[in-house]
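Here's input-v5.pdb, which has PDB, C-alpha atoms, pLDDT in the B column:
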ATOM      1  CA  MET A  20      66.287-227.368  43.488  1.00 72.00           C
ATOM      2  CA  ILE A  21      69.714-226.010  44.420  1.00 78.00           C
ATOM      3  CA  LYS A  22      70.351-225.037  40.786  1.00 74.00           C
ATOM      4  CA  ARG A  23      67.140-223.002  40.743  1.00 74.00           C
ATOM      5  CA  ILE A  24      68.144-221.142  43.902  1.00 76.00           C
ATOM      6  CA  CYS A  25      71.602-220.422  42.459  1.00 72.00           C
ATOM      7  CA  TYR A  26      70.127-219.149  39.176  1.00 72.00           C
ATOM      8  CA  ARG A  27      67.651-216.940  41.007  1.00 76.00           C
ATOM      9  CA  GLY A  28      70.434-215.614  43.231  1.00 69.00           C
ATOM     10  CA  ILE A  29      72.598-214.786  40.230  1.00 78.00           C
ATOM     11  CA  ILE A  30      69.709-213.064  38.465  1.00 76.00           C
ATOM     12  CA  LEU A  31      68.864-211.094  41.608  1.00 70.00           C
ATOM     13  CA  ILE A  32      72.477-209.942  42.018  1.00 77.00           C
ATOM     14  CA  PHE A  33      72.598-208.934  38.345  1.00 69.00           C
ATOM     15  CA  LEU A  34      69.377-206.912  38.668  1.00 66.00           C
ATOM     16  CA  VAL A  35      70.579-205.126  41.811  1.00 64.00           C
ATOM     17  CA  ILE A  36      73.891-204.209  40.169  1.00 70.00           C
ATOM     18  CA  SER A  37      72.055-202.988  37.050  1.00 63.00           C
ATOM     19  CA  LEU A  38      69.723-200.780  39.065  1.00 59.00           C
ATOM     20  CA  ILE A  39      72.565-199.299  41.092  1.00 65.00           C
ATOM     21  CA  GLY A  40      74.474-198.529  37.901  1.00 58.00           C
ATOM     22  CA  CYS A  41      71.460-196.775  36.377  1.00 54.00           C
ATOM     23  CA  ASN A  42      70.811-194.583  39.396  1.00 51.00           C
ATOM     24  CA  ASN A  43      71.435-191.003  38.349  1.00 50.00           C
ATOM     25  CA  SER A  44      69.790-188.366  40.471  1.00 52.00           C
ATOM     26  CA  GLY A  45      70.699-185.615  37.988  1.00 52.00           C
ATOM     27  CA  LYS A  46      72.138-183.461  40.773  1.00 54.00           C
ATOM     28  CA  SER A  47      75.479-181.735  40.603  1.00 51.00           C
ATOM     29  CA  GLN A  48      78.262-183.334  42.546  1.00 85.00           C
ATOM     30  CA  TYR A  49      80.789-180.567  42.030  1.00 93.00           C
ATOM     31  CA  PHE A  50      80.762-177.014  43.284  1.00 92.00           C
ATOM     32  CA  PHE A  51      83.090-174.109  43.911  1.00 95.00           C
ATOM     33  CA  ASN A  52      82.906-170.549  45.158  1.00 96.00           C
ATOM     34  CA  GLY A  53      83.961-167.607  43.066  1.00 96.00           C
ATOM     35  CA  THR A  54      83.546-163.925  42.324  1.00 97.00           C
ATOM     36  CA  VAL A  55      81.366-162.664  39.465  1.00 97.00           C
ATOM     37  CA  LEU A  56      83.463-160.651  37.008  1.00 97.00           C
ATOM     38  CA  GLU A  57      80.765-160.160  34.371  1.00 96.00           C
ATOM     39  CA  ASN A  58      77.059-160.901  33.868  1.00 96.00           C
ATOM     40  CA  ASN A  59      75.762-160.807  30.294  1.00 94.00           C
ATOM     41  CA  GLU A  60      72.421-162.467  31.227  1.00 91.00           C
ATOM     42  CA  THR A  61      73.189-165.714  29.353  1.00 94.00           C
ATOM     43  CA  HIS A  62      76.571-166.443  30.939  1.00 95.00           C
ATOM     44  CA  LEU A  63      78.514-165.422  34.016  1.00 96.00           C
ATOM     45  CA  LEU A  64      82.253-164.878  33.954  1.00 97.00           C
ATOM     46  CA  VAL A  65      83.552-166.047  37.327  1.00 97.00           C
ATOM     47  CA  LYS A  66      86.951-166.043  39.035  1.00 97.00           C
ATOM     48  CA  PRO A  67      87.299-169.172  41.234  1.00 96.00           C
ATOM     49  CA  GLU A  68      88.464-168.660  44.823  1.00 95.00           C
ATOM     50  CA  GLU A  69      92.059-169.378  45.766  1.00 94.00           C
ATOM     51  CA  GLY A  70      92.692-173.015  46.646  1.00 91.00           C
ATOM     52  CA  THR A  71      89.924-174.493  44.468  1.00 90.00           C
ATOM     53  CA  ASP A  72      90.571-177.206  41.892  1.00 88.00           C
ATOM     54  CA  GLU A  73      88.724-175.095  39.336  1.00 91.00           C
ATOM     55  CA  LEU A  74      91.348-172.353  39.676  1.00 89.00           C
ATOM     56  CA  LYS A  75      93.899-174.923  38.484  1.00 87.00           C
ATOM     57  CA  SER A  76      91.910-175.157  35.223  1.00 85.00           C
ATOM     58  CA  SER A  77      91.662-171.422  34.630  1.00 92.00           C
ATOM     59  CA  ASP A  78      91.620-168.102  36.454  1.00 95.00           C
ATOM     60  CA  LYS A  79      88.369-167.233  34.636  1.00 96.00           C
ATOM     61  CA  ILE A  80      85.427-169.526  33.909  1.00 96.00           C
ATOM     62  CA  THR A  81      82.394-168.786  31.754  1.00 96.00           C
ATOM     63  CA  VAL A  82      79.291-170.427  33.245  1.00 96.00           C
ATOM     64  CA  SER A  83      76.254-171.042  31.029  1.00 94.00           C
ATOM     65  CA  LEU A  84      72.969-170.066  32.681  1.00 92.00           C
ATOM     66  CA  LYS A  85      70.787-172.294  30.504  1.00 91.00           C
ATOM     67  CA  GLU A  86      68.542-174.402  32.791  1.00 88.00           C
ATOM     68  CA  THR A  87      70.259-173.059  35.911  1.00 92.00           C
ATOM     69  CA  SER A  88      68.480-172.384  39.213  1.00 93.00           C
ATOM     70  CA  LEU A  89      69.464-168.990  40.594  1.00 95.00           C
ATOM     71  CA  LEU A  90      69.145-168.562  44.373  1.00 94.00           C
ATOM     72  CA  ASN A  91      69.849-165.837  46.906  1.00 94.00           C
ATOM     73  CA  THR A  92      71.333-166.345  50.390  1.00 92.00           C
ATOM     74  CA  ARG A  93      67.903-167.454  51.699  1.00 93.00           C
ATOM     75  CA  ASP A  94      67.530-170.065  48.910  1.00 92.00           C
ATOM     76  CA  GLU A  95      64.823-167.989  47.215  1.00 94.00           C
ATOM     77  CA  LYS A  96      64.743-167.885  43.412  1.00 95.00           C
ATOM     78  CA  VAL A  97      66.140-164.740  41.824  1.00 95.00           C
ATOM     79  CA  LYS A  98      66.466-163.350  38.302  1.00 94.00           C
ATOM     80  CA  ILE A  99      69.769-163.254  36.442  1.00 92.00           C
ATOM     81  CA  ARG A 100      69.815-159.455  36.621  1.00 92.00           C
ATOM     82  CA  ASP A 101      69.957-159.773  40.444  1.00 93.00           C
ATOM     83  CA  ILE A 102      73.479-161.221  40.218  1.00 93.00           C
ATOM     84  CA  LYS A 103      75.943-158.324  40.218  1.00 94.00           C
ATOM     85  CA  GLU A 104      79.625-158.003  39.393  1.00 95.00           C
ATOM     86  CA  GLY A 105      81.779-158.460  42.484  1.00 96.00           C
ATOM     87  CA  GLN A 106      79.337-160.779  44.270  1.00 96.00           C
ATOM     88  CA  LYS A 107      80.503-164.081  45.714  1.00 97.00           C
ATOM     89  CA  VAL A 108      78.588-167.061  44.333  1.00 96.00           C
ATOM     90  CA  GLN A 109      78.591-170.835  44.673  1.00 96.00           C
ATOM     91  CA  ILE A 110      78.501-172.705  41.353  1.00 95.00           C
ATOM     92  CA  SER A 111      77.091-176.276  41.308  1.00 95.00           C
ATOM     93  CA  TYR A 112      77.861-178.140  38.089  1.00 94.00           C
ATOM     94  CA  ASP A 113      78.352-181.574  36.502  1.00 92.00           C
ATOM     95  CA  GLY A 114      82.137-181.688  36.917  1.00 90.00           C
ATOM     96  CA  MET A 115      82.938-180.974  33.278  1.00 93.00           C
ATOM     97  CA  ILE A 116      85.053-177.918  32.458  1.00 92.00           C
ATOM     98  CA  ALA A 117      85.868-177.236  28.801  1.00 93.00           C
ATOM     99  CA  GLU A 118      89.538-176.364  28.463  1.00 90.00           C
ATOM    100  CA  SER A 119      89.586-173.033  26.648  1.00 92.00           C
ATOM    101  CA  TYR A 120      90.255-169.492  27.748  1.00 92.00           C
ATOM    102  CA  PRO A 121      88.286-168.615  29.601  1.00 94.00           C
ATOM    103  CA  ALA A 122      87.331-172.150  30.627  1.00 95.00           C
ATOM    104  CA  GLN A 123      83.658-173.090  30.185  1.00 96.00           C
ATOM    105  CA  ILE A 124      81.035-174.827  32.293  1.00 94.00           C
ATOM    106  CA  LYS A 125      78.083-175.687  30.085  1.00 94.00           C
ATOM    107  CA  LYS A 126      75.938-177.710  32.520  1.00 93.00           C
ATOM    108  CA  CYS A 127      75.419-175.708  35.672  1.00 93.00           C
ATOM    109  CA  ASP A 128      72.531-176.815  37.901  1.00 94.00           C
ATOM    110  CA  LYS A 129      72.569-174.060  40.491  1.00 95.00           C
ATOM    111  CA  ILE A 130      74.149-170.712  41.278  1.00 94.00           C
ATOM    112  CA  LYS A 131      73.704-169.407  44.797  1.00 95.00           C
ATOM    113  CA  ILE A 132      74.556-165.849  45.816  1.00 95.00           C
ATOM    114  CA  LEU A 133      76.705-165.983  48.956  1.00 94.00           C
ATOM    115  CA  ASP A 134      76.783-162.258  49.830  1.00 85.00           C
TER     116      ASP A 134
END
Rewrite the structure from the file as structure tokens, please.
Amino acid sequence: MIKRICYRGIILIFLVISLIGCNNSGKSQYFFNGTVLENNETHLLVKPEEGTDELKSSDKITVSLKETSLLNTRDEKVKIRDIKEGQKVQISYDGMIAESYPAQIKKCDKIKILD
């Protein structure tokens, strides 16, 4: 009887750990603020703000707009043409920055216009 309880306990612990390890909400965990230098309607060229970790990677970052939600200051969806050079934006991404010049973010979930 005790062996059965121990086996069930071990299996239960294993299942809980497996489910926790598989939990991936698909949301970005990384973000930074920057200034739009260029908008070519498929990518943005952004200069990260002073003091950000992203600025340590590069002073310019190309952000892919494929599958990216674009929002204004009121969290309403906007078109890519609504993002103008000189605007401050918040970039939410997967944490991966390709080391090139300019650096590249290929998986960006959300870009929010801040001003």
Q: Compile the contact shell of A:Ile124 as a ChimeraX atom specification: residues with an atom at most 8 Å away, counting all atoms listed in the file, same-chain residues fewer than 4 positions apart removed.
A: /A:80-83,112,115-117
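What separates atom CA of A:Thr71 from atom CA of A:Tyr49 is a distance of 11.2 Å.
Using all atoms listed in the file, the nearest neighbour of A:Phe50 within the list A:Pro67, A:Ile110, A:Lys125, A:Ile132 is A:Ile110.
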Can you turn the PyMOL selection byres ((chain A and resi 108) around 7) into a concrete residue list for this file, as a CSV table (one decimal) with C-alpha atoms, in the frame of the given file?
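The resulting file, expr.csv, is reproduced below:
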chain,number,residue,atom,x,y,z
A,52,ASN,CA,82.9,-170.5,45.2
A,53,GLY,CA,84.0,-167.6,43.1
A,54,THR,CA,83.5,-163.9,42.3
A,106,GLN,CA,79.3,-160.8,44.3
A,107,LYS,CA,80.5,-164.1,45.7
A,109,GLN,CA,78.6,-170.8,44.7
A,110,ILE,CA,78.5,-172.7,41.4
A,130,ILE,CA,74.1,-170.7,41.3
A,131,LYS,CA,73.7,-169.4,44.8
A,132,ILE,CA,74.6,-165.8,45.8
A,133,LEU,CA,76.7,-166.0,49.0
Q | atom CA of A:Glu69 to atom CA of A:Lys98, straight-line distance in Å | A | 27.3 Å
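Shortest separation to A:Leu89 among A:Cys25, A:Lys129, A:Leu63, A:Asp134 occurs at residue A:Lys129, atoms counted being all atoms listed in the file.
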Enclosing box along x, y and z for every listed atom of stretch 95-113 of chain A, padded 4 Å each side, centre and size in Å, one decimal, as AutoDock Vina command-line options:
--center_x 73.3 --center_y -169.8 --center_z 41.8 --size_x 25.0 --size_y 31.6 --size_z 18.8
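Residues in contact range of A:Glu57, defined as at most 9 Å between all atoms listed in the file, with sequence neighbours fewer than 2 positions away removed, read A:Val55, A:Asn59, A:His62, A:Leu63, A:Leu64, A:Val65, A:Lys103, A:Glu104, A:Gly105.
Distances to A:Ala122 were evaluated for A:Ile30, A:Leu74, A:Leu56, A:Ile21 using all atoms listed in the file, and the minimum falls at A:Leu74.
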Q | Distance query A:Asp128 at most 8 Å, only C-alpha atoms, self and fewer than 2 positions along chain excluded, as a PyMOL selection string | A | chain A and resi 46-47+86-88+111-113+126+130
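Against the coordinates shown, the PyMOL selection byres ((chain A and resi 120) around 8) returns Ser77, Lys79, Ile80, Glu118, Ser119, Pro121, Ala122 and Gln123 of chain A.
Rounded to one decimal, atom CA of A:Asp101 and atom CA of A:Gly70 lie 27.0 Å from each other.
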